[in-house]
>>> print(open('input37.txt').read())   # compact mmCIF, C-alpha atoms and all ligand atoms
# COMPACT_ATOMS: atom_id res chain seq x y z
CA MET A 220 120.79 271.78 -44.40
CA LYS A 221 123.08 269.54 -46.34
CA PRO A 222 121.08 266.81 -48.11
CA SER A 223 122.11 263.32 -47.05
CA PRO A 224 123.73 261.20 -49.76
CA LEU A 225 120.95 258.67 -49.28
CA LEU A 226 118.34 261.28 -50.12
CA ILE A 227 120.27 262.31 -53.23
CA LEU A 228 120.52 258.70 -54.29
CA ALA A 229 116.78 258.21 -53.76
CA ALA A 230 115.99 261.40 -55.66
CA LEU A 231 118.10 260.14 -58.52
CA LEU A 232 116.63 256.65 -58.46
CA VAL A 233 112.95 257.63 -58.57
CA PRO A 234 112.99 259.10 -62.08
CA VAL A 235 115.39 256.43 -63.29
CA THR A 236 113.15 253.57 -62.15
CA SER A 237 109.98 255.20 -63.42
CA VAL A 238 111.55 255.77 -66.81
CA ALA A 239 112.78 252.18 -66.79
CA LEU A 240 109.26 250.97 -65.97
CA ALA A 241 107.67 253.02 -68.71
CA ALA A 242 110.43 251.92 -71.07
CA SER A 243 109.85 248.23 -70.38
CA PRO A 244 107.92 246.54 -73.20
CA ALA A 245 105.01 245.91 -70.82
CA GLY A 246 104.84 249.57 -69.88
CA ILE A 247 105.09 250.72 -73.48
CA ILE A 248 102.36 248.38 -74.63
CA LYS A 249 100.12 249.50 -71.78
CA VAL A 250 100.59 253.16 -72.60
CA ARG A 251 99.96 252.66 -76.31
CA HIS A 252 96.84 250.60 -75.66
CA GLN A 253 95.53 253.41 -73.46
CA ASN A 254 96.26 255.90 -76.22
CA PHE A 255 94.41 253.79 -78.83
CA GLU A 256 91.48 253.13 -76.50
CA GLY A 257 91.19 256.84 -75.90
CA MET A 258 90.99 257.36 -79.66
CA GLY A 259 88.41 254.58 -79.95
CA ARG A 260 86.24 256.28 -77.34
CA ALA A 261 86.64 259.63 -79.07
CA MET A 262 85.57 258.11 -82.42
CA LYS A 263 82.50 256.57 -80.80
CA GLY A 264 81.64 259.89 -79.16
CA LEU A 265 81.98 261.63 -82.51
CA PHE A 266 79.81 259.18 -84.46
CA ASP A 267 77.18 258.87 -81.72
CA GLU A 268 76.83 262.65 -81.77
CA LEU A 269 76.57 262.69 -85.60
CA ARG A 270 73.50 260.45 -85.30
CA LYS A 271 71.60 263.15 -83.43
CA PRO A 272 69.35 265.61 -85.27
CA ALA A 273 70.99 268.56 -83.49
CA PRO A 274 74.51 267.59 -82.47
CA ASN A 275 76.39 269.39 -79.72
CA PHE A 276 79.58 270.93 -81.12
CA ALA A 277 81.22 270.85 -77.69
CA VAL A 278 81.23 267.04 -77.98
CA PHE A 279 82.74 267.24 -81.47
CA LYS A 280 85.38 269.59 -80.16
CA ALA A 281 86.31 267.38 -77.20
CA SER A 282 86.59 264.27 -79.43
CA ALA A 283 88.60 266.09 -82.09
CA THR A 284 91.00 267.39 -79.45
CA VAL A 285 91.59 263.90 -78.03
CA LEU A 286 92.19 262.53 -81.53
CA ALA A 287 94.53 265.31 -82.61
CA ASN A 288 96.52 265.04 -79.36
CA SER A 289 96.73 261.24 -79.41
CA ALA A 290 97.62 260.75 -83.07
CA PRO A 291 101.21 262.12 -83.00
CA ARG A 292 101.99 260.01 -79.91
CA ILE A 293 101.73 256.83 -82.00
CA ALA A 294 105.13 257.70 -83.48
CA ASN A 295 106.84 257.06 -80.11
CA HIS A 296 104.74 254.09 -79.06
CA PHE A 297 106.41 251.39 -81.14
CA PRO A 298 110.11 251.18 -80.16
CA LYS A 299 111.99 248.06 -81.27
CA GLY A 300 111.31 245.15 -78.90
CA SER A 301 107.69 246.11 -78.17
CA GLY A 302 106.26 243.83 -80.84
CA PRO A 303 105.16 240.18 -80.65
CA GLU A 304 108.79 239.14 -79.97
CA SER A 305 108.35 240.59 -76.46
CA GLY A 306 106.08 237.62 -75.71
CA LEU A 307 103.46 240.02 -74.39
CA LYS A 308 99.86 240.34 -75.53
CA THR A 309 99.89 242.65 -78.52
CA ASP A 310 98.25 242.85 -81.91
CA ALA A 311 101.17 244.78 -83.39
CA LEU A 312 102.53 243.06 -86.50
CA PRO A 313 106.26 242.74 -87.29
CA ALA A 314 105.52 244.74 -90.46
CA ILE A 315 105.72 247.88 -88.29
CA TRP A 316 109.47 247.41 -87.91
CA GLN A 317 110.00 245.91 -91.37
CA LYS A 318 108.40 248.81 -93.22
CA PRO A 319 109.09 251.80 -90.96
CA GLY A 320 108.56 254.26 -93.81
CA GLU A 321 105.03 253.04 -94.50
CA PHE A 322 104.21 252.96 -90.80
CA THR A 323 105.33 256.57 -90.39
CA ALA A 324 103.27 257.53 -93.42
CA ALA A 325 100.21 255.84 -91.89
CA THR A 326 100.78 257.74 -88.64
CA ASN A 327 101.20 261.01 -90.50
CA ARG A 328 98.05 260.41 -92.45
CA LEU A 329 96.13 260.13 -89.17
CA VAL A 330 97.82 263.26 -87.79
CA GLY A 331 96.74 265.12 -90.92
CA THR A 332 93.14 263.91 -90.91
CA THR A 333 92.71 264.66 -87.19
CA GLN A 334 93.93 268.21 -87.77
CA ALA A 335 91.48 268.52 -90.66
CA LEU A 336 88.77 267.29 -88.29
CA GLN A 337 89.61 270.07 -85.83
CA ALA A 338 89.33 272.57 -88.66
CA ALA A 339 85.97 271.11 -89.73
CA VAL A 340 84.66 271.36 -86.17
CA ALA A 341 85.81 274.97 -86.01
CA SER A 342 83.87 275.67 -89.24
CA GLY A 343 80.64 274.77 -87.46
CA ASN A 344 79.35 272.80 -90.46
CA VAL A 345 77.95 269.33 -89.61
CA MET A 346 78.43 267.92 -93.10
CA GLN A 347 82.09 268.90 -93.03
CA VAL A 348 82.50 267.30 -89.62
CA SER A 349 80.91 264.11 -90.94
CA LYS A 350 83.20 263.98 -93.95
CA ALA A 351 86.31 264.71 -91.87
CA ALA A 352 85.26 262.07 -89.30
CA GLY A 353 84.97 259.51 -92.10
CA ASP A 354 88.49 260.44 -93.27
CA VAL A 355 89.84 259.93 -89.75
CA GLY A 356 88.15 256.51 -89.65
CA GLY A 357 89.74 255.72 -93.00
CA SER A 358 93.17 256.56 -91.54
CA CYS A 359 92.60 254.21 -88.61
CA LYS A 360 91.51 251.43 -90.97
CA ASN A 361 94.37 252.10 -93.38
CA CYS A 362 96.92 251.40 -90.65
CA HIS A 363 95.04 248.52 -89.01
CA ASP A 364 94.71 246.71 -92.35
CA THR A 365 98.50 246.41 -92.70
CA PHE A 366 99.98 246.77 -89.24
CA ARG A 367 97.56 245.18 -86.82
CA LYS A 368 96.79 241.50 -86.45
CA PRO A 369 93.42 240.85 -88.09
CA ARG A 370 90.78 239.74 -85.60
CA MET B 430 63.60 200.63 -89.44
CA THR B 431 62.30 204.17 -89.42
CA ALA B 432 63.11 205.08 -92.96
CA THR B 433 63.70 203.18 -96.13
CA THR B 434 65.11 203.62 -99.57
CA ASP B 435 62.51 201.15 -100.83
CA ARG B 436 61.06 202.77 -103.93
CA ALA B 437 57.68 201.14 -103.29
CA ALA B 438 57.23 202.84 -99.92
CA PRO B 439 54.96 205.87 -100.11
CA THR B 440 56.55 209.28 -99.71
CA THR B 441 55.52 211.59 -96.92
CA ARG B 442 55.84 215.37 -97.01
CA LEU B 443 58.14 216.04 -94.12
CA TRP B 444 59.65 219.54 -94.28
CA ASP B 445 57.74 222.48 -95.74
CA LEU B 446 59.30 225.01 -98.09
CA PRO B 447 59.94 227.75 -95.46
CA VAL B 448 61.82 225.34 -93.18
CA ARG B 449 64.01 224.18 -96.06
CA LEU B 450 64.70 227.66 -97.39
CA VAL B 451 65.62 228.95 -93.94
CA HIS B 452 67.78 225.91 -93.26
CA TRP B 453 69.88 226.22 -96.42
CA SER B 454 70.15 229.98 -96.01
CA PHE B 455 71.64 229.41 -92.55
CA ALA B 456 74.12 226.95 -94.05
CA LEU B 457 75.15 229.55 -96.63
CA LEU B 458 75.13 232.61 -94.38
CA VAL B 459 77.21 231.31 -91.46
CA PRO B 460 80.38 230.86 -93.56
CA LEU B 461 79.68 234.10 -95.44
CA LEU B 462 79.30 236.03 -92.19
CA TRP B 463 82.56 234.60 -90.93
CA TRP B 464 84.36 235.49 -94.15
CA THR B 465 83.02 239.05 -94.40
CA ALA B 466 83.98 239.74 -90.76
CA GLU B 467 87.48 238.31 -91.08
CA SER B 468 88.23 240.18 -94.28
CA GLY B 469 86.96 243.47 -92.87
CA LYS B 470 83.96 243.82 -95.21
CA LEU B 471 81.92 245.18 -92.34
CA ASP B 472 79.19 246.80 -94.45
CA LEU B 473 78.43 243.53 -96.21
CA HIS B 474 78.76 241.72 -92.90
CA LYS B 475 76.16 243.95 -91.26
CA ASN B 476 73.73 243.61 -94.18
CA LEU B 477 74.03 239.83 -94.30
CA GLY B 478 73.80 239.81 -90.50
CA LEU B 479 70.47 241.60 -90.74
CA VAL B 480 69.27 239.04 -93.29
CA MET B 481 70.32 236.38 -90.78
CA LEU B 482 68.42 238.22 -88.07
CA ALA B 483 65.27 238.26 -90.20
CA LEU B 484 65.65 234.52 -90.92
CA VAL B 485 66.09 233.69 -87.24
CA ALA B 486 63.09 235.83 -86.30
CA PHE B 487 61.06 234.13 -89.03
CA ARG B 488 62.08 230.66 -87.84
CA LEU B 489 61.12 231.51 -84.25
CA LEU B 490 57.65 232.64 -85.42
CA TRP B 491 57.35 229.60 -87.67
CA GLY B 492 58.14 227.43 -84.67
CA VAL B 493 54.88 228.64 -83.16
CA VAL B 494 52.49 228.94 -86.10
CA GLY B 495 54.18 226.82 -88.82
CA SER B 496 53.73 223.27 -90.05
CA ASP B 497 53.73 220.41 -87.54
CA THR B 498 57.36 219.44 -88.13
CA ALA B 499 58.47 223.06 -87.65
CA ARG B 500 56.69 223.61 -84.33
CA PHE B 501 58.69 223.70 -81.12
CA ALA B 502 55.77 222.35 -79.11
CA ARG B 503 55.76 219.26 -81.34
CA PHE B 504 59.38 218.30 -81.10
CA LEU B 505 60.57 219.46 -77.68
CA GLU B 506 60.48 216.61 -75.24
CA GLY B 507 61.75 215.90 -71.75
CA PRO B 508 64.62 213.67 -70.58
CA ALA B 509 62.40 210.57 -70.39
CA ALA B 510 61.51 210.77 -74.08
CA ILE B 511 65.16 211.30 -74.97
CA ARG B 512 66.17 208.25 -72.92
CA ASN B 513 63.48 206.16 -74.62
CA TYR B 514 64.57 207.33 -78.02
CA LEU B 515 68.22 206.51 -77.34
CA ALA B 516 67.25 203.06 -76.04
CA GLY B 517 65.16 202.56 -79.18
CA LEU B 518 68.15 203.38 -81.39
CA ARG B 519 69.89 200.28 -80.05
CA SER B 520 67.01 197.92 -80.83
CA SER B 521 66.33 197.26 -84.48
CA ASP B 522 62.61 198.00 -84.56
CA HIS B 523 61.28 201.19 -83.09
CA ALA B 524 58.51 203.48 -84.16
CA PRO B 525 59.57 205.92 -86.87
CA VAL B 526 59.99 209.55 -85.87
CA VAL B 527 58.30 211.89 -88.31
CA GLY B 528 60.20 215.17 -87.97
CA HIS B 529 62.86 215.96 -85.38
CA ASN B 530 63.66 213.21 -82.91
CA PRO B 531 63.65 214.14 -79.19
CA LEU B 532 67.42 214.77 -79.18
CA GLY B 533 67.57 216.51 -82.56
CA GLY B 534 64.83 218.89 -81.43
CA TRP B 535 67.09 220.22 -78.72
CA SER B 536 69.91 220.67 -81.16
CA VAL B 537 67.57 222.83 -83.26
CA ILE B 538 66.75 224.93 -80.20
CA GLY B 539 70.44 225.15 -79.32
CA LEU B 540 71.40 226.39 -82.78
CA LEU B 541 68.52 228.86 -83.03
CA THR B 542 69.29 230.23 -79.56
CA LEU B 543 72.95 230.72 -80.42
CA LEU B 544 72.10 232.38 -83.73
CA ALA B 545 69.60 234.68 -82.01
CA LEU B 546 72.19 235.57 -79.39
CA GLN B 547 74.83 236.13 -82.05
CA VAL B 548 72.73 238.51 -84.15
CA SER B 549 71.69 240.40 -81.00
CA LEU B 550 75.32 240.84 -79.97
CA GLY B 551 76.20 241.92 -83.50
CA LEU B 552 73.72 244.79 -83.28
CA PHE B 553 75.85 246.28 -80.47
CA ALA B 554 79.27 245.19 -81.76
CA GLN B 555 81.96 247.79 -82.16
CA ASP B 556 84.19 248.42 -85.11
CA THR B 557 87.55 249.48 -83.59
CA ASP B 558 87.77 252.33 -86.09
CA GLY B 559 84.46 253.54 -84.66
CA VAL B 560 82.87 253.95 -88.09
CA LYS B 561 81.12 250.69 -88.97
CA SER B 562 79.72 249.63 -85.60
CA GLY B 563 76.42 247.75 -85.29
CA PRO B 564 73.18 249.81 -85.53
CA LEU B 565 72.49 249.69 -81.77
CA ASN B 566 76.08 250.35 -80.71
CA TYR B 567 75.19 253.97 -79.96
CA LEU B 568 72.92 252.83 -77.09
CA VAL B 569 75.79 251.47 -74.98
CA THR B 570 79.13 252.77 -73.71
CA TRP B 571 82.44 252.03 -75.36
CA ASP B 572 83.40 249.54 -72.63
CA THR B 573 80.08 247.69 -72.74
CA ALA B 574 80.28 247.50 -76.52
CA LYS B 575 83.83 246.17 -76.25
CA ALA B 576 82.64 243.36 -73.97
CA LEU B 577 79.69 242.60 -76.28
CA SER B 578 82.03 242.50 -79.31
CA GLU B 579 84.19 239.98 -77.49
CA ALA B 580 81.07 237.92 -76.73
CA HIS B 581 80.18 238.17 -80.46
CA GLU B 582 83.57 236.62 -81.20
CA VAL B 583 83.07 233.83 -78.64
CA GLY B 584 79.51 233.29 -79.90
CA PHE B 585 80.80 232.42 -83.34
CA ASN B 586 83.01 229.69 -81.89
CA LEU B 587 80.05 228.24 -80.00
CA ILE B 588 78.05 228.21 -83.25
CA LEU B 589 80.92 226.38 -84.95
CA ALA B 590 80.95 223.77 -82.17
CA LEU B 591 77.21 223.10 -82.49
CA VAL B 592 77.44 223.00 -86.28
CA ALA B 593 80.20 220.39 -85.98
CA LEU B 594 77.99 218.32 -83.67
CA HIS B 595 75.09 218.71 -86.10
CA LEU B 596 77.21 217.47 -89.03
CA ALA B 597 78.56 214.60 -86.93
CA ALA B 598 75.01 213.48 -86.11
CA ILE B 599 74.01 213.55 -89.80
CA PHE B 600 77.12 211.51 -90.60
CA TYR B 601 76.26 209.00 -87.85
CA TYR B 602 72.74 208.44 -89.23
CA ARG B 603 74.12 208.12 -92.75
CA VAL B 604 76.92 205.67 -92.01
CA MET B 605 75.82 203.75 -88.92
CA ARG B 606 72.07 203.70 -89.48
CA ARG B 607 71.88 204.10 -93.26
CA GLU B 608 69.38 206.91 -92.97
CA ASP B 609 69.68 209.77 -95.41
CA LEU B 610 68.69 212.97 -93.64
CA ILE B 611 70.04 215.32 -96.30
CA SER B 612 67.75 214.53 -99.26
CA PRO B 613 64.54 215.16 -97.29
CA MET B 614 65.89 218.57 -96.26
CA VAL B 615 66.34 219.29 -100.00
CA THR B 616 63.17 217.79 -101.46
CA GLY B 617 60.96 217.96 -98.38
CA GLN B 618 59.91 214.31 -98.99
CA ARG B 619 60.86 211.15 -97.18
CA ARG B 620 59.91 207.49 -97.54
CA PHE B 621 58.91 205.53 -94.45
CA ALA B 622 58.70 201.72 -94.47
CA VAL B 623 55.62 201.72 -92.29
CA PRO B 624 52.59 203.95 -92.77
CA VAL B 625 52.89 207.15 -90.76
CA ALA B 626 50.49 209.97 -90.05
CA ALA B 627 51.31 212.77 -92.47
CA PRO B 628 52.32 215.98 -90.68
CA ARG B 629 49.95 218.90 -91.14
CA MET B 630 51.43 221.59 -93.42
CA ALA B 631 50.76 225.26 -92.72
CA PRO B 632 49.47 227.43 -95.57
CA LEU B 633 52.05 229.61 -97.31
CA TRP B 634 50.15 232.86 -96.70
CA ARG B 635 50.96 232.38 -93.05
CA ALA B 636 54.65 232.14 -93.94
CA ALA B 637 54.29 235.37 -95.91
CA VAL B 638 52.89 237.16 -92.86
CA CYS B 639 55.73 235.86 -90.67
CA ALA B 640 58.29 236.88 -93.30
CA MET B 641 56.91 240.40 -93.39
CA LEU B 642 57.00 240.70 -89.61
CA ALA B 643 60.56 239.34 -89.46
CA GLY B 644 61.77 241.53 -92.32
CA GLY B 645 60.15 244.59 -90.78
CA LEU B 646 61.90 243.90 -87.49
CA ALA B 647 65.29 243.65 -89.20
CA VAL B 648 64.76 246.89 -91.14
CA TRP B 649 63.64 248.72 -88.02
CA LEU B 650 66.67 247.47 -86.03
CA SER B 651 68.98 248.54 -88.86
CA THR B 652 67.79 252.13 -88.43
CA GLY B 653 68.84 251.98 -84.77
CA LEU B 654 65.19 251.87 -83.60
CA ALA B 655 64.20 255.08 -85.37
CA LEU B 656 60.54 256.07 -84.99
CA PRO B 657 58.56 257.74 -87.79
CA TRP B 658 58.32 261.05 -85.92
CA ASP B 659 62.05 261.17 -85.07
CA LYS B 660 64.08 263.87 -86.76
CA PRO B 661 66.71 262.44 -89.13
CA PRO B 662 70.37 262.40 -88.04
CA ALA B 663 72.40 265.52 -88.67
CA ALA B 664 74.66 263.73 -91.13
CA PRO B 665 74.36 260.60 -93.24
CA PRO B 666 76.71 257.75 -92.29
CA PRO B 667 80.04 257.76 -94.14
CA PRO B 668 80.04 255.94 -97.49
CA ALA B 669 80.96 252.26 -97.69
CA ASP B 670 84.43 253.13 -99.00
CA TYR B 671 85.15 255.63 -96.26
CA MET B 672 88.85 255.10 -96.73
C1 LIG A 701 74.68 234.70 -86.94
C2 LIG A 701 75.03 235.86 -87.44
C3 LIG A 701 76.44 236.41 -87.31
C4 LIG A 701 77.64 235.74 -87.32
C5 LIG A 701 77.88 234.23 -87.50
C6 LIG A 701 78.68 236.74 -87.14
C7 LIG A 701 80.04 236.46 -87.09
C8 LIG A 701 81.02 237.40 -86.82
C9 LIG A 701 82.43 237.11 -86.67
C10 LIG A 701 83.07 235.72 -86.80
C11 LIG A 701 83.08 238.30 -86.40
C12 LIG A 701 84.56 238.51 -86.15
C13 LIG A 701 84.78 238.60 -84.67
C14 LIG A 701 86.22 238.86 -84.39
O1 LIG A 701 87.01 237.95 -84.66
O2 LIG A 701 86.50 239.97 -83.90
C15 LIG A 701 82.07 239.36 -86.39
C16 LIG A 701 82.34 240.71 -86.17
C17 LIG A 701 81.38 241.73 -86.25
N1 LIG A 701 80.02 241.56 -86.46
FE1 LIG A 701 79.05 239.79 -86.75
N2 LIG A 701 78.10 237.98 -87.04
C18 LIG A 701 76.72 237.83 -87.14
C19 LIG A 701 75.75 238.82 -87.08
C20 LIG A 701 76.03 240.20 -87.00
C21 LIG A 701 75.01 241.25 -87.04
C22 LIG A 701 73.50 241.03 -87.17
C23 LIG A 701 75.69 242.45 -86.94
C24 LIG A 701 75.15 243.89 -86.96
C25 LIG A 701 74.21 244.30 -87.75
C26 LIG A 701 77.10 242.16 -86.81
C27 LIG A 701 78.09 243.11 -86.65
C28 LIG A 701 79.43 242.84 -86.47
C29 LIG A 701 80.46 243.86 -86.25
C30 LIG A 701 80.24 245.39 -86.20
C31 LIG A 701 81.68 243.17 -86.12
C32 LIG A 701 83.05 243.79 -85.89
C33 LIG A 701 83.34 243.84 -84.43
C34 LIG A 701 84.59 243.11 -84.10
O3 LIG A 701 85.54 243.17 -84.88
O4 LIG A 701 84.59 242.44 -83.05
N3 LIG A 701 77.27 240.78 -86.85
N4 LIG A 701 80.83 238.78 -86.65
>>> encode(input="input37.txt", output="structure tokens")
Amino acid sequence: MKPSPLLILAALLVPVTSVALAASPAGIIKVRHQNFEGMGRAMKGLFDELRKPAPNFAVFKASATVLANSAPRIANHFPKGSGPESGLKTDALPAIWQKPGEFTAATNRLVGTTQALQAAVASGNVMQVSKAAGDVGGSCKNCHDTFRKPR
Amino acid sequence: MTATTDRAAPTTRLWDLPVRLVHWSFALLVPLLWWTAESGKLDLHKNLGLVMLALVAFRLLWGVVGSDTARFARFLEGPAAIRNYLAGLRSSDHAPVVGHNPLGGWSVIGLLTLLALQVSLGLFAQDTDGVKSGPLNYLVTWDTAKALSEAHEVGFNLILALVALHLAAIFYYRVMRREDLISPMVTGQRRFAVPVAAPRMAPLWRAAVCAMLAGGLAVWLSTGLALPWDKPPAAPPPPADYM
């Protein structure tokens, strides 16, 4: 059966519109907030588990995986136009686009510490997990201190 | 006239030492807590917050077993008493109020309630980096803690509003009624033009017992409600400079 031109047009339009939606500042900000919230939850899961006398390493592993997967995504979550100038609700500071080198370095630092966290979890040593978790927290704070609106 | 600057008038002991100490600590701690939170010194913020918690707990106990002028039962009055007091303010001669007046008493309750609410919310508040959250944060989910952190933020603004009202009232008495409310809160003494019944002062050992109870509560909360037979956590919390 020969596909109707209308169907072809529709098939072409679906991905185009969905990309356009995701590429709109509102869509970008939504996706990046979800990514950060996921990391926030993972950090809470990690530290709540560290409080326990006999922590479950499966929980450490799940949190470390979320963190290591989410961290590199930050690099694509701040295209030009998705800052406060969009008029949308965001805590992103203009410094992100004024000092792109430092922002990339802050992202890379998080990518590095989350990978180190995965390695610490794999080692099976609680003290190493604790230290690596603190380093991840330090990487979050490092970026927030300069690139996020203070609350 | 309720009060007088007349040097010949006898002085009356109005506020005991615990009430004054707690009062001026509140005045110092509220700005400090704001500053430490805004500048991201969360460790200091949590420690000072726990001191605040102990002070609030102490003041609540002291409101039950403390000196006359500290007791809630002595200064909390209904709408009729408030109306009478306000009417009395307009006439020149009305009986002096020794301690909180019927309206001021409610402002004390308002402030103490807000402070108690604020320290309770702080216990659950969430540091976005997940590292320096309040000591009871682990008891609730991420979403609940997020809502409680937002309430902790709103709570501070409510405290500011009541503090502003409190300062405005002191200013009103000073300027419009020529009554100095500040010195008595420093020295504990006040002169009244007419003889008044001296309030009964509670013994200091009682304050010491209350302080120990309040301090113990704060320490216990800071451990996240740990019990003596609990096993210690697998890992110590990250150091203050976890960066
Ligand atoms: C009356 C006492 C307190 C006052 C006036 C106070 C005030 C504040 C303020 C103004 C903030 C910043 C909120 C924001 O803009 O996000 C804050 C955040 C915070 N407070 Fe308190 N606080 C008090 C008690 C406590 C206590 C007892 C604790 C825990 C032990 C605590 C833990 C926290 C935490 C973890 C944050 C960071 C969460 C966030 O950023 O929202 N606070 N506090």
>>> interface_residues(input="input37.txt", of="chain A", to="chain B", cutoff="8 Å", atoms="only C-alpha atoms", output="count of residues only")
26
>>> axis_aligned_box(input="input37.txt", around="stretch 616-626 of chain B", padding_each_side="5 Å", output="JSON")
{"center_x": 56.8, "center_y": 209.8, "center_z": -95.8, "size_x": 22.7, "size_y": 26.2, "size_z": 21.4}
>>> residues_near_ligand(input="input37.txt", ligand="ligand LIG 701 (chain A)", cutoff="7 Å", atoms="only C-alpha atoms and all ligand atoms", output="ChimeraX atom specification")
/A:370 /B:459,462-463,466-467,471,474-476,478-479,481-482,544,547-549,551-557,561-564,578-579,581-582,585,651
>>> write_last_selection(input="input37.txt", atoms="C-alpha atoms", output="short mmCIF file (atom, residue, chain, number, x, y, z; two decimals), in the frame of the given file")
data_model
loop_
_atom_site.label_atom_id
_atom_site.label_comp_id
_atom_site.auth_asym_id
_atom_site.auth_seq_id
_atom_site.Cartn_x
_atom_site.Cartn_y
_atom_site.Cartn_z
CA ARG A 370 90.78 239.74 -85.60
CA VAL B 459 77.21 231.31 -91.46
CA LEU B 462 79.30 236.03 -92.19
CA TRP B 463 82.56 234.60 -90.93
CA ALA B 466 83.98 239.74 -90.76
CA GLU B 467 87.48 238.31 -91.08
CA LEU B 471 81.92 245.18 -92.34
CA HIS B 474 78.76 241.72 -92.90
CA LYS B 475 76.16 243.95 -91.26
CA ASN B 476 73.73 243.61 -94.18
CA GLY B 478 73.80 239.81 -90.50
CA LEU B 479 70.47 241.60 -90.74
CA MET B 481 70.32 236.38 -90.78
CA LEU B 482 68.42 238.22 -88.07
CA LEU B 544 72.10 232.38 -83.73
CA GLN B 547 74.83 236.13 -82.05
CA VAL B 548 72.73 238.51 -84.15
CA SER B 549 71.69 240.40 -81.00
CA GLY B 551 76.20 241.92 -83.50
CA LEU B 552 73.72 244.79 -83.28
CA PHE B 553 75.85 246.28 -80.47
CA ALA B 554 79.27 245.19 -81.76
CA GLN B 555 81.96 247.79 -82.16
CA ASP B 556 84.19 248.42 -85.11
CA THR B 557 87.55 249.48 -83.59
CA LYS B 561 81.12 250.69 -88.97
CA SER B 562 79.72 249.63 -85.60
CA GLY B 563 76.42 247.75 -85.29
CA PRO B 564 73.18 249.81 -85.53
CA SER B 578 82.03 242.50 -79.31
CA GLU B 579 84.19 239.98 -77.49
CA HIS B 581 80.18 238.17 -80.46
CA GLU B 582 83.57 236.62 -81.20
CA PHE B 585 80.80 232.42 -83.34
CA SER B 651 68.98 248.54 -88.86
#
>>> closest_residue(input="input37.txt", among="B:Leu450, B:Val569, B:Ile588, B:Pro632", to="A:Gly264", atoms="only C-alpha atoms")
B:Val569
>>> atom_distance(input="input37.txt", atom1="atom CA of B:Thr616", atom2="atom CA of B:Ala510")
28.3 Å
>>> residues_around(input="input37.txt", residues="A:Pro244", least_positions_apart="6", cutoff="10 Å", atoms="all atoms listed in the file", output="PyMOL selection string")
chain A and resi 250+297-302+305-307
>>> residues_around(input="input37.txt", residues="A:Asn254", least_positions_apart="4", cutoff="12 Å", atoms="all atoms listed in the file", output="number ranges by chain")
A: 247-250, 258-261, 285-296
>>> residues_around(input="input37.txt", residues="stretch 520-533 of chain B", least_positions_apart="2", cutoff="10 Å", atoms="all atoms listed in the file", output="PyMOL selection string")
chain B and resi 430-432+441-444+497-501+503-518+535-539+595+598+606+619+621-628
>>> atom_distance(input="input37.txt", atom1="atom CA of B:Leu596", atom2="atom CA of B:Met614")
13.5 Å
>>> residues_around(input="input37.txt", residues="stretch 310-312 of chain A", least_positions_apart="5", cutoff="6 Å", atoms="all atoms listed in the file", output="list in words")
Gly302, Phe366, Arg367 and Lys368 of chain A
>>> closest_residue(input="input37.txt", among="A:Asn344, A:Thr365, A:Ser243, A:Asn275", to="A:Lys318", atoms="all atoms listed in the file")
A:Thr365
>>> atom_distance(input="input37.txt", atom1="atom CA of A:Thr284", atom2="atom CA of A:Glu268")
15.1 Å
>>> closest_residue(input="input37.txt", among="A:Leu265, A:Cys362, A:Ala324, A:Ala335", to="A:Ala277", atoms="only C-alpha atoms")
A:Leu265
>>> closest_residue(input="input37.txt", among="A:Gln337, A:Ile315, A:Phe322, A:Asp364", to="A:Ala352", atoms="all atoms listed in the file")
A:Gln337
>>> residues_around(input="input37.txt", residues="B:Ala483", least_positions_apart="4", cutoff="9 Å", atoms="all atoms listed in the file", output="PyMOL selection string")
chain B and resi 478-479+487-488+640+642-648
>>> write_last_selection(input="input37.txt", atoms="C-alpha atoms", output="PDB file, keeping the file's coordinate frame")
ATOM      1  CA  GLY B 478      73.800 239.810 -90.500  1.00  0.00           C
ATOM      2  CA  LEU B 479      70.470 241.600 -90.740  1.00  0.00           C
ATOM      3  CA  PHE B 487      61.060 234.130 -89.030  1.00  0.00           C
ATOM      4  CA  ARG B 488      62.080 230.660 -87.840  1.00  0.00           C
ATOM      5  CA  ALA B 640      58.290 236.880 -93.300  1.00  0.00           C
ATOM      6  CA  LEU B 642      57.000 240.700 -89.610  1.00  0.00           C
ATOM      7  CA  ALA B 643      60.560 239.340 -89.460  1.00  0.00           C
ATOM      8  CA  GLY B 644      61.770 241.530 -92.320  1.00  0.00           C
ATOM      9  CA  GLY B 645      60.150 244.590 -90.780  1.00  0.00           C
ATOM     10  CA  LEU B 646      61.900 243.900 -87.490  1.00  0.00           C
ATOM     11  CA  ALA B 647      65.290 243.650 -89.200  1.00  0.00           C
ATOM     12  CA  VAL B 648      64.760 246.890 -91.140  1.00  0.00           C
TER      13      VAL B 648
END
